[in-house]
file query17.txt (compact mmCIF, C-alpha atoms and all ligand atoms)
# COMPACT_ATOMS: atom_id res chain seq x y z
CA MET S 1 -10.14 67.99 51.06
CA THR S 2 -9.76 67.98 47.31
CA THR S 3 -11.92 65.47 45.52
CA SER S 4 -10.44 64.85 42.11
CA LYS S 5 -12.85 63.74 39.42
CA ARG S 6 -12.88 60.05 38.60
CA ILE S 7 -11.63 58.87 35.24
CA ARG S 8 -14.11 57.06 33.06
CA ILE S 9 -13.11 54.35 30.63
CA ALA S 10 -15.58 52.89 28.17
CA ILE S 11 -15.18 49.22 27.28
CA GLN S 12 -17.35 46.79 25.35
CA LYS S 13 -20.12 45.36 27.53
CA SER S 14 -20.24 41.95 25.96
CA GLY S 15 -18.57 40.74 22.82
CA ARG S 16 -15.21 39.92 21.37
CA LEU S 17 -13.28 42.68 23.16
CA SER S 18 -14.92 42.67 26.58
CA LYS S 19 -13.02 39.88 28.31
CA GLU S 20 -9.61 41.04 27.16
CA SER S 21 -10.35 44.69 27.93
CA GLN S 22 -11.30 43.79 31.51
CA GLN S 23 -8.33 41.48 31.86
CA LEU S 24 -5.91 44.16 30.66
CA LEU S 25 -7.21 46.59 33.30
CA LYS S 26 -6.97 43.91 35.99
CA LEU S 27 -3.37 43.17 35.02
CA CYS S 28 -2.69 46.91 35.39
CA GLY S 29 -3.77 46.64 39.02
CA VAL S 30 -7.28 48.07 38.65
CA LYS S 31 -9.55 46.24 41.10
CA PHE S 32 -13.21 46.03 40.14
CA ASN S 33 -16.15 43.67 40.01
CA VAL S 34 -18.52 43.70 37.10
CA ASN S 35 -22.23 43.27 37.72
CA GLU S 36 -23.71 42.05 34.44
CA GLN S 37 -26.85 44.16 35.00
CA ARG S 38 -25.01 47.42 35.55
CA LEU S 39 -23.60 49.94 33.13
CA ILE S 40 -20.96 51.20 35.52
CA ALA S 41 -18.32 49.39 37.58
CA HIS S 42 -16.30 51.42 40.08
CA ALA S 43 -12.67 50.52 40.72
CA ASP S 44 -12.05 49.95 44.44
CA ASN S 45 -8.45 51.07 44.54
CA MET S 46 -8.21 54.04 42.18
CA PRO S 47 -10.46 56.89 41.00
CA LEU S 48 -11.53 55.06 37.86
CA ASP S 49 -14.92 53.89 36.61
CA LEU S 50 -15.63 51.41 33.86
CA LEU S 51 -18.52 52.19 31.55
CA ARG S 52 -19.77 49.04 29.81
CA VAL S 53 -21.43 49.88 26.49
CA ARG S 54 -21.94 48.68 22.89
CA ASP S 55 -18.64 48.95 21.05
CA ASP S 56 -20.21 51.23 18.39
CA ASP S 57 -20.84 53.86 21.07
CA ILE S 58 -17.27 53.99 22.38
CA PRO S 59 -15.58 56.33 19.84
CA GLY S 60 -18.41 58.87 20.06
CA LEU S 61 -18.38 58.87 23.87
CA VAL S 62 -14.64 59.59 23.81
CA MET S 63 -14.85 62.20 21.02
CA ASP S 64 -17.60 64.04 22.90
CA GLY S 65 -15.62 63.94 26.15
CA VAL S 66 -18.35 61.97 27.94
CA VAL S 67 -15.66 59.49 28.97
CA ASP S 68 -11.90 60.01 29.15
CA LEU S 69 -10.70 56.71 27.71
CA GLY S 70 -12.02 53.91 25.56
CA ILE S 71 -10.95 50.51 24.33
CA VAL S 72 -12.34 49.80 20.88
CA GLY S 73 -11.49 48.17 17.57
CA GLU S 74 -9.63 50.43 15.13
CA ASN S 75 -12.26 49.45 12.57
CA VAL S 76 -15.07 50.94 14.69
CA LEU S 77 -12.96 54.01 15.49
CA GLU S 78 -12.08 54.70 11.85
CA GLU S 79 -15.67 54.16 10.70
CA GLU S 80 -16.98 56.63 13.31
CA GLN S 81 -14.30 59.17 12.38
CA LEU S 82 -15.25 58.99 8.70
CA GLU S 83 -18.94 59.21 9.59
CA ARG S 84 -18.44 62.29 11.76
CA GLU S 85 -16.11 63.98 9.29
CA ALA S 86 -18.76 63.51 6.60
CA LEU S 87 -21.28 65.20 8.89
CA GLY S 88 -18.88 67.98 9.89
CA LYS S 89 -18.91 66.83 13.54
CA ASN S 90 -15.96 66.69 15.92
CA ALA S 91 -14.09 63.43 15.26
CA GLU S 92 -10.91 64.08 17.18
CA VAL S 93 -9.43 61.59 19.60
CA ASN S 94 -5.98 60.84 20.82
CA LYS S 95 -5.03 57.26 19.99
CA LEU S 96 -2.74 56.31 22.88
CA ARG S 97 -1.72 52.94 21.53
CA GLN S 98 -2.67 49.86 19.63
CA LEU S 99 -3.34 46.88 21.92
CA ASP S 100 -2.39 43.25 21.43
CA PHE S 101 -5.82 41.72 20.93
CA GLY S 102 -8.89 42.01 18.68
CA ALA S 103 -7.03 41.31 15.44
CA CYS S 104 -9.28 41.19 12.40
CA ARG S 105 -9.60 42.62 8.92
CA LEU S 106 -12.42 44.26 7.02
CA SER S 107 -12.68 42.48 3.71
CA LEU S 108 -14.76 42.25 0.60
CA ALA S 109 -16.11 38.80 -0.21
CA VAL S 110 -18.27 37.36 -2.96
CA PRO S 111 -20.08 34.03 -3.48
CA ASN S 112 -17.84 31.15 -4.62
CA GLU S 113 -19.50 31.03 -8.04
CA VAL S 114 -18.63 34.67 -8.79
CA GLU S 115 -15.43 35.11 -10.76
CA TYR S 116 -13.03 37.66 -9.34
CA ASP S 117 -10.34 39.23 -11.39
CA GLY S 118 -9.36 42.43 -9.59
CA PRO S 119 -11.50 45.03 -7.80
CA GLN S 120 -13.20 46.05 -11.08
CA SER S 121 -15.04 42.69 -10.92
CA LEU S 122 -17.10 44.32 -8.17
CA GLN S 123 -18.31 47.07 -10.50
CA ASN S 124 -21.99 47.90 -9.94
CA MET S 125 -22.45 45.21 -7.35
CA ARG S 126 -24.66 45.69 -4.34
CA LEU S 127 -22.53 45.16 -1.24
CA ALA S 128 -23.92 44.47 2.23
CA THR S 129 -21.97 46.00 5.10
CA SER S 130 -22.01 47.50 8.58
CA TYR S 131 -19.09 49.73 7.54
CA PRO S 132 -20.48 52.01 4.79
CA ASN S 133 -17.83 54.72 5.28
CA LEU S 134 -14.78 52.44 5.16
CA LEU S 135 -16.32 50.70 2.15
CA ARG S 136 -16.97 54.01 0.38
CA ARG S 137 -13.41 55.21 0.97
CA TYR S 138 -11.96 52.02 -0.49
CA MET S 139 -14.27 51.89 -3.50
CA ASN S 140 -13.66 55.57 -4.25
CA GLN S 141 -9.90 55.00 -4.09
CA GLN S 142 -10.31 52.13 -6.55
CA GLY S 143 -12.71 54.15 -8.70
CA ILE S 144 -15.40 51.48 -8.63
CA ALA S 145 -19.12 52.22 -8.68
CA TYR S 146 -21.23 50.10 -6.33
CA ARG S 147 -24.41 50.26 -4.29
CA ASP S 148 -24.54 49.47 -0.61
CA CYS S 149 -26.97 47.68 1.60
CA MET S 150 -26.58 48.67 5.23
CA LEU S 151 -26.95 45.76 7.65
CA LYS S 152 -26.02 45.86 11.34
CA GLY S 153 -25.82 42.08 11.62
CA SER S 154 -25.98 38.83 9.60
CA VAL S 155 -24.05 40.50 6.79
CA GLU S 156 -22.59 37.17 5.71
CA VAL S 157 -26.00 35.72 4.79
CA ALA S 158 -27.04 38.69 2.64
CA PRO S 159 -25.90 37.24 -0.73
CA ARG S 160 -27.65 33.91 -0.14
CA ALA S 161 -30.78 35.76 0.97
CA GLY S 162 -30.72 37.69 -2.28
CA LEU S 163 -30.12 41.04 -0.55
CA ALA S 164 -26.69 41.70 -2.04
CA ASP S 165 -24.13 40.46 -4.56
CA GLY S 166 -21.24 40.56 -2.12
CA ILE S 167 -20.30 41.73 1.34
CA CYS S 168 -17.82 43.91 3.17
CA ASP S 169 -17.41 42.41 6.63
CA LEU S 170 -14.95 41.61 9.41
CA VAL S 171 -12.94 38.44 9.06
CA SER S 172 -10.49 36.80 11.40
CA THR S 173 -10.09 33.15 10.36
CA GLY S 174 -12.33 33.14 7.31
CA ALA S 175 -14.40 30.23 8.68
CA THR S 176 -17.66 32.24 8.65
CA LEU S 177 -17.11 33.23 5.02
CA GLU S 178 -16.44 29.62 4.07
CA ALA S 179 -19.51 28.39 5.94
CA ASN S 180 -21.59 30.83 3.90
CA GLY S 181 -20.15 29.93 0.52
CA LEU S 182 -18.18 33.17 0.18
CA TYR S 183 -14.51 33.93 -0.51
CA GLU S 184 -12.40 36.93 0.35
CA THR S 185 -11.30 39.16 -2.51
CA ASP S 186 -9.90 42.42 -1.07
CA VAL S 187 -8.67 43.33 2.42
CA ILE S 188 -9.72 46.93 2.91
CA PHE S 189 -8.68 47.59 6.52
CA ARG S 190 -6.56 45.74 9.10
CA SER S 191 -7.54 46.25 12.70
CA MET S 192 -6.53 45.64 16.31
CA ALA S 193 -8.13 46.91 19.50
CA CYS S 194 -6.76 50.29 20.58
CA LEU S 195 -6.82 52.61 23.57
CA ILE S 196 -8.12 56.10 22.87
CA GLN S 197 -8.28 59.22 24.99
CA SER S 198 -10.55 62.22 24.74
CA ASN S 199 -8.66 65.43 24.10
CA GLN S 200 -10.90 67.12 26.64
CA THR S 201 -9.14 65.68 29.70
CA GLN S 202 -7.76 68.74 31.47
CA ASP S 203 -7.32 67.91 35.12
CA PRO S 204 -3.59 67.29 35.82
CA ALA S 205 -4.37 64.65 38.46
CA GLN S 206 -6.51 62.79 35.96
CA GLN S 207 -3.80 63.05 33.31
CA ALA S 208 -1.24 61.73 35.80
CA LEU S 209 -3.41 58.68 36.44
CA ILE S 210 -3.88 58.13 32.70
CA ASN S 211 -0.10 58.31 32.21
CA LYS S 212 0.40 55.79 34.99
CA LEU S 213 -2.18 53.47 33.46
CA MET S 214 -0.48 53.81 30.06
CA SER S 215 2.90 52.90 31.45
CA ARG S 216 1.38 49.83 33.12
CA ILE S 217 -0.38 48.83 29.90
CA ASN S 218 2.94 49.14 28.06
CA GLY S 219 4.51 46.92 30.74
CA VAL S 220 1.77 44.29 30.50
CA ILE S 221 1.95 44.12 26.71
CA ARG S 222 5.76 44.02 26.63
CA ALA S 223 5.69 41.22 29.20
CA ARG S 224 3.18 39.27 27.12
CA GLU S 225 5.43 39.64 24.08
CA SER S 226 8.53 38.50 25.95
CA LYS S 227 9.90 35.32 27.46
CA TYR S 228 12.53 34.73 30.11
CA ILE S 229 15.09 32.18 28.95
CA LEU S 230 17.60 30.24 31.00
CA LEU S 231 20.08 27.78 29.60
CA HIS S 232 23.53 26.32 29.95
CA ALA S 233 25.81 26.84 26.97
CA PRO S 234 29.31 25.84 25.87
CA THR S 235 31.46 29.00 26.22
CA ASP S 236 32.78 28.72 22.66
CA LYS S 237 29.24 28.74 21.22
CA LEU S 238 28.09 31.74 23.22
CA ASP S 239 27.80 34.17 20.28
CA LYS S 240 25.93 31.71 18.08
CA ILE S 241 23.54 30.85 20.87
CA VAL S 242 22.83 34.47 21.74
CA SER S 243 22.16 35.24 18.07
CA LEU S 244 19.33 32.71 18.14
CA LEU S 245 17.52 34.65 20.89
CA PRO S 246 15.63 37.57 19.31
CA GLY S 247 15.91 40.82 21.24
CA ALA S 248 18.38 39.37 23.78
CA GLU S 249 21.57 41.10 22.64
CA ASN S 250 22.91 41.66 26.16
CA PRO S 251 22.12 38.54 28.15
CA THR S 252 23.40 37.87 31.65
CA VAL S 253 26.23 35.33 31.46
CA LEU S 254 27.11 33.53 34.69
CA PRO S 255 29.88 31.05 35.51
CA LEU S 256 28.94 27.50 36.44
CA ASN S 257 30.37 25.79 39.46
CA ASP S 258 33.22 23.38 38.57
CA ASP S 259 32.74 23.82 34.81
CA THR S 260 34.91 26.35 32.99
CA ASN S 261 33.80 25.25 29.53
CA ARG S 262 30.18 26.16 30.09
CA VAL S 263 28.20 29.16 31.30
CA ALA S 264 24.62 29.87 32.32
CA ILE S 265 22.72 32.40 30.18
CA HIS S 266 19.74 34.36 31.43
CA ALA S 267 17.99 36.48 28.83
CA VAL S 268 14.72 38.19 28.05
CA SER S 269 13.73 37.47 24.50
CA SER S 270 11.27 39.69 22.68
CA GLU S 271 9.62 36.76 20.97
CA ASP S 272 8.14 33.50 22.00
CA LEU S 273 10.69 30.76 21.47
CA PHE S 274 9.42 28.06 19.27
CA TRP S 275 10.38 24.40 19.31
CA ASP S 276 12.52 24.92 16.20
CA THR S 277 14.72 27.48 17.96
CA MET S 278 14.97 25.32 21.06
CA GLU S 279 16.10 22.42 18.91
CA GLU S 280 18.74 24.62 17.25
CA LEU S 281 19.95 25.73 20.68
CA GLU S 282 20.20 22.11 21.74
CA ALA S 283 22.09 21.23 18.54
CA LEU S 284 24.66 23.90 19.49
CA GLY S 285 25.21 22.15 22.81
CA ALA S 286 22.83 24.10 25.04
CA THR S 287 21.30 22.16 27.91
CA SER S 288 18.72 22.80 30.67
CA ILE S 289 16.81 25.16 28.37
CA LEU S 290 13.94 26.82 30.21
CA VAL S 291 11.48 29.26 28.61
CA MET S 292 9.29 31.07 31.12
CA PRO S 293 6.45 33.56 30.86
CA ILE S 294 6.97 37.04 32.31
CA GLU S 295 4.17 38.56 34.34
CA LYS S 296 5.12 42.25 34.43
CA MET S 297 7.88 44.45 33.03
CA MET S 298 9.02 47.97 33.76
CA GLY S 299 12.01 50.13 32.90
P1 LIG M 301 -21.69 45.23 20.31
O1 LIG M 301 -22.85 44.50 20.87
O2 LIG M 301 -20.79 45.75 21.39
O3 LIG M 301 -22.03 46.26 19.27
P2 LIG M 301 -20.55 43.77 18.07
O4 LIG M 301 -21.40 42.60 17.73
O5 LIG M 301 -20.62 45.01 17.26
O6 LIG M 301 -20.81 44.10 19.63
P3 LIG M 301 -18.20 42.03 18.26
O7 LIG M 301 -18.59 40.99 17.27
O8 LIG M 301 -18.18 41.64 19.70
O9 LIG M 301 -19.02 43.39 18.08
O10 LIG M 301 -16.76 42.56 17.83
C1 LIG M 301 -16.14 43.61 18.51
C2 LIG M 301 -14.85 43.93 17.81
O11 LIG M 301 -13.98 42.81 17.87
C3 LIG M 301 -14.93 44.24 16.33
O12 LIG M 301 -15.34 45.56 16.06
C4 LIG M 301 -13.49 44.00 15.90
O13 LIG M 301 -12.69 45.14 16.20
C5 LIG M 301 -13.05 42.86 16.80
N1 LIG M 301 -13.00 41.54 16.11
C6 LIG M 301 -11.97 40.67 16.17
N2 LIG M 301 -12.20 39.57 15.44
C7 LIG M 301 -13.39 39.71 14.89
C8 LIG M 301 -14.20 38.91 14.02
N3 LIG M 301 -13.78 37.73 13.56
N4 LIG M 301 -15.39 39.36 13.67
C9 LIG M 301 -15.84 40.53 14.16
N5 LIG M 301 -15.12 41.33 14.97
C10 LIG M 301 -13.91 40.95 15.33
MG MG M 302 -21.05 46.80 17.62
call {"tool": "encode", "arguments": {"input": "query17.txt", "output": "structure tokens"}}
result
Amino acid sequence: MTTSKRIRIAIQKSGRLSKESQQLLKLCGVKFNVNEQRLIAHADNMPLDLLRVRDDDIPGLVMDGVVDLGIVGENVLEEEQLEREALGKNAEVNKLRQLDFGACRLSLAVPNEVEYDGPQSLQNMRLATSYPNLLRRYMNQQGIAYRDCMLKGSVEVAPRAGLADGICDLVSTGATLEANGLYETDVIFRSMACLIQSNQTQDPAQQALINKLMSRINGVIRARESKYILLHAPTDKLDKIVSLLPGAENPTVLPLNDDTNRVAIHAVSSEDLFWDTMEELEALGATSILVMPIEKMMG
């Protein structure tokens, strides 16, 4: 009997990426139960184990080949790569794809009372951050001298606490900045979650499973980005109606019983259809407009 080695995927234990990382794997058909106390969760139906760790540890675990795959924010990945490159350590990973969650940006922000008039306004400031390498790269590109104050958490309170003049921190809505009397001045990095692979995976059976997982992830994400649309349309407005459906250039057009002036259209649209588009469709004479979610897609 050949026992092929199990694949290990590192995901965030608890935090902003953990729920969606687990859900993505479940939608790909990986069956597992997470025990909050345990680091490892074994999949029941494929040779795959989930390693639940702090997100900061994920890039390093993948780079060192301790795990085969990881789901992590591009911000954390890039910061670790810069850190390792600065230290002359191996920083190579294979980024398999960007995922469709975890959107945020790394931004500079200063207290409301500070006047901002271009990046040079930050000259000689002390900036609090958990991302010293991304900050350094940006400030060097801009040619601005600054000092940093490394904080792993509570970065947004640093100016009020008198620890720094400004901050470089992750933002998604900006509500935290506002609540702390800060405003955003420069976006220095835009980030999504991504799937990374170690370039030390060598076993062909393991690689085959990774490829299969990738194709399922692609299918899940494409399905989430698409909608199935059904409607009845006047035959003479067919072209106009189809042009309102993004990504649905070749829809299925079916005859309707006892009605030669109208047809049924079935199409997969690559974007969510908003009320505005549905109203335009209706104005062109479309009726029985249905927009439905798609669960999986392949091919
Ligand atoms: P850990 O305990 O795993 O180290 P953490 O506190 O460092 O967790 P989280 O706050 O859970 O991390 O964020 C994880 C990732 O989620 C971030 O690195 C980033 O890629 C993404 N993210 C999305 N939106 C935001 C946001 N508004 N603030 C912070 N991170 C965000
Ligand atoms: Mg972290």
call {"tool": "residues_near_point", "arguments": {"input": "query17.txt", "point": "(1.0, 55.4, 29.7)", "cutoff": "12 Å", "atoms": "only C-alpha atoms", "output": "list in words"}}
result
Cys28, Leu69, Lys95, Leu96, Arg97, Leu195, Ile196, Gln197, Gln207, Ala208, Leu209, Ile210, Asn211, Lys212, Leu213, Met214, Ser215, Arg216, Ile217, Asn218, Gly219, Val220, Ile221 and Met298 of chain S
call {"tool": "closest_atom_pairs", "arguments": {"input": "query17.txt", "of": "chain S", "to": "ligand MG 302 (chain M)", "cutoff": "8 Å", "atoms": "only C-alpha atoms and all ligand atoms", "output": "tab-separated table"}}
result
residue	atom	partner	partner_atom	distance
S:Arg54	CA	M:MG302	MG	5.7
S:Asp55	CA	M:MG302	MG	4.7
S:Asp56	CA	M:MG302	MG	4.6
S:Asp57	CA	M:MG302	MG	7.9
S:Val76	CA	M:MG302	MG	7.8
call {"tool": "residues_near_ligand", "arguments": {"input": "query17.txt", "ligand": "ligand LIG 301 (chain M)", "cutoff": "8 Å", "atoms": "only C-alpha atoms and all ligand atoms", "output": "number ranges by chain"}}
result
S: 12-18, 53-57, 72-76, 101-105, 153, 169-174, 191-193
call {"tool": "residues_around", "arguments": {"input": "query17.txt", "residues": "stretch 58-61 of chain S", "least_positions_apart": "3", "cutoff": "7 Å", "atoms": "only C-alpha atoms", "output": "short mmCIF file (atom, residue, chain, number, x, y, z; two decimals) with C-alpha atoms, in the coordinates of the input"}}
result
data_model
loop_
_atom_site.label_atom_id
_atom_site.label_comp_id
_atom_site.auth_asym_id
_atom_site.auth_seq_id
_atom_site.Cartn_x
_atom_site.Cartn_y
_atom_site.Cartn_z
CA ALA S 10 -15.58 52.89 28.17
CA ASP S 55 -18.64 48.95 21.05
CA ASP S 64 -17.60 64.04 22.90
CA GLY S 65 -15.62 63.94 26.15
CA VAL S 66 -18.35 61.97 27.94
CA VAL S 67 -15.66 59.49 28.97
CA GLY S 70 -12.02 53.91 25.56
CA VAL S 72 -12.34 49.80 20.88
CA LEU S 77 -12.96 54.01 15.49
CA GLU S 80 -16.98 56.63 13.31
#
call {"tool": "closest_residue", "arguments": {"input": "query17.txt", "among": "S:His232, S:Cys168, S:Leu108, S:Ile144", "to": "S:Pro132", "atoms": "all atoms listed in the file"}}
result
S:Cys168
call {"tool": "closest_residue", "arguments": {"input": "query17.txt", "among": "S:Asn94, S:Ala264, S:Asn112, S:Ala223", "to": "S:Gly299", "atoms": "only C-alpha atoms"}}
result
S:Ala223
call {"tool": "atom_distance", "arguments": {"input": "query17.txt", "atom1": "atom CA of S:Val93", "atom2": "atom CA of S:Asn35"}}
result
28.8 Å
call {"tool": "build_atoms", "arguments": {"input": "query17.txt", "residues": "stretch 210-227 of chain S", "atoms": "N, CA, C and O atoms", "output": "PDB file, keeping the file's coordinate frame"}}
result
ATOM      1  N   ILE S 210      -3.851  58.717  34.042  1.00  0.00           N
ATOM      2  CA  ILE S 210      -3.880  58.130  32.700  1.00  0.00           C
ATOM      3  C   ILE S 210      -2.456  57.735  32.271  1.00  0.00           C
ATOM      4  O   ILE S 210      -2.226  56.658  31.727  1.00  0.00           O
ATOM      5  N   ASN S 211      -1.490  58.619  32.569  1.00  0.00           N
ATOM      6  CA  ASN S 211      -0.100  58.310  32.210  1.00  0.00           C
ATOM      7  C   ASN S 211       0.394  57.054  32.938  1.00  0.00           C
ATOM      8  O   ASN S 211       1.095  56.224  32.358  1.00  0.00           O
ATOM      9  N   LYS S 212      -0.019  56.946  34.202  1.00  0.00           N
ATOM     10  CA  LYS S 212       0.400  55.790  34.990  1.00  0.00           C
ATOM     11  C   LYS S 212      -0.212  54.513  34.405  1.00  0.00           C
ATOM     12  O   LYS S 212       0.455  53.495  34.252  1.00  0.00           O
ATOM     13  N   LEU S 213      -1.482  54.608  34.051  1.00  0.00           N
ATOM     14  CA  LEU S 213      -2.180  53.470  33.460  1.00  0.00           C
ATOM     15  C   LEU S 213      -1.494  53.057  32.147  1.00  0.00           C
ATOM     16  O   LEU S 213      -1.288  51.878  31.870  1.00  0.00           O
ATOM     17  N   MET S 214      -1.143  54.076  31.350  1.00  0.00           N
ATOM     18  CA  MET S 214      -0.480  53.810  30.060  1.00  0.00           C
ATOM     19  C   MET S 214       0.834  53.082  30.272  1.00  0.00           C
ATOM     20  O   MET S 214       1.160  52.136  29.560  1.00  0.00           O
ATOM     21  N   SER S 215       1.605  53.538  31.271  1.00  0.00           N
ATOM     22  CA  SER S 215       2.900  52.900  31.450  1.00  0.00           C
ATOM     23  C   SER S 215       2.707  51.467  31.935  1.00  0.00           C
ATOM     24  O   SER S 215       3.445  50.557  31.545  1.00  0.00           O
ATOM     25  N   ARG S 216       1.648  51.217  32.718  1.00  0.00           N
ATOM     26  CA  ARG S 216       1.380  49.830  33.120  1.00  0.00           C
ATOM     27  C   ARG S 216       0.909  48.983  31.945  1.00  0.00           C
ATOM     28  O   ARG S 216       1.280  47.822  31.820  1.00  0.00           O
ATOM     29  N   ILE S 217       0.085  49.575  31.081  1.00  0.00           N
ATOM     30  CA  ILE S 217      -0.380  48.830  29.900  1.00  0.00           C
ATOM     31  C   ILE S 217       0.820  48.462  29.025  1.00  0.00           C
ATOM     32  O   ILE S 217       0.954  47.333  28.555  1.00  0.00           O
ATOM     33  N   ASN S 218       1.728  49.428  28.840  1.00  0.00           N
ATOM     34  CA  ASN S 218       2.940  49.140  28.060  1.00  0.00           C
ATOM     35  C   ASN S 218       3.700  47.972  28.680  1.00  0.00           C
ATOM     36  O   ASN S 218       4.174  47.080  27.970  1.00  0.00           O
ATOM     37  N   GLY S 219       3.787  47.986  30.022  1.00  0.00           N
ATOM     38  CA  GLY S 219       4.510  46.920  30.740  1.00  0.00           C
ATOM     39  C   GLY S 219       3.831  45.566  30.568  1.00  0.00           C
ATOM     40  O   GLY S 219       4.486  44.551  30.347  1.00  0.00           O
ATOM     41  N   VAL S 220       2.514  45.551  30.636  1.00  0.00           N
ATOM     42  CA  VAL S 220       1.770  44.290  30.500  1.00  0.00           C
ATOM     43  C   VAL S 220       1.962  43.731  29.086  1.00  0.00           C
ATOM     44  O   VAL S 220       2.225  42.541  28.900  1.00  0.00           O
ATOM     45  N   ILE S 221       1.868  44.606  28.094  1.00  0.00           N
ATOM     46  CA  ILE S 221       1.950  44.120  26.710  1.00  0.00           C
ATOM     47  C   ILE S 221       3.387  43.664  26.393  1.00  0.00           C
ATOM     48  O   ILE S 221       3.588  42.623  25.779  1.00  0.00           O
ATOM     49  N   ARG S 222       4.366  44.445  26.866  1.00  0.00           N
ATOM     50  CA  ARG S 222       5.760  44.020  26.630  1.00  0.00           C
ATOM     51  C   ARG S 222       6.026  42.668  27.278  1.00  0.00           C
ATOM     52  O   ARG S 222       6.680  41.811  26.706  1.00  0.00           O
ATOM     53  N   ALA S 223       5.486  42.486  28.495  1.00  0.00           N
ATOM     54  CA  ALA S 223       5.690  41.220  29.200  1.00  0.00           C
ATOM     55  C   ALA S 223       5.057  40.075  28.414  1.00  0.00           C
ATOM     56  O   ALA S 223       5.635  39.000  28.281  1.00  0.00           O
ATOM     57  N   ARG S 224       3.860  40.336  27.874  1.00  0.00           N
ATOM     58  CA  ARG S 224       3.180  39.270  27.120  1.00  0.00           C
ATOM     59  C   ARG S 224       3.945  38.909  25.861  1.00  0.00           C
ATOM     60  O   ARG S 224       3.865  37.792  25.373  1.00  0.00           O
ATOM     61  N   GLU S 225       4.690  39.894  25.323  1.00  0.00           N
ATOM     62  CA  GLU S 225       5.430  39.640  24.080  1.00  0.00           C
ATOM     63  C   GLU S 225       6.814  39.060  24.352  1.00  0.00           C
ATOM     64  O   GLU S 225       7.573  38.811  23.426  1.00  0.00           O
ATOM     65  N   SER S 226       7.170  38.916  25.628  1.00  0.00           N
ATOM     66  CA  SER S 226       8.530  38.500  25.950  1.00  0.00           C
ATOM     67  C   SER S 226       8.550  37.187  26.726  1.00  0.00           C
ATOM     68  O   SER S 226       7.559  36.800  27.324  1.00  0.00           O
ATOM     69  N   LYS S 227       9.713  36.555  26.697  1.00  0.00           N
ATOM     70  CA  LYS S 227       9.900  35.320  27.460  1.00  0.00           C
ATOM     71  C   LYS S 227      11.234  35.400  28.191  1.00  0.00           C
ATOM     72  O   LYS S 227      12.187  36.011  27.694  1.00  0.00           O
TER      73      LYS S 227
END
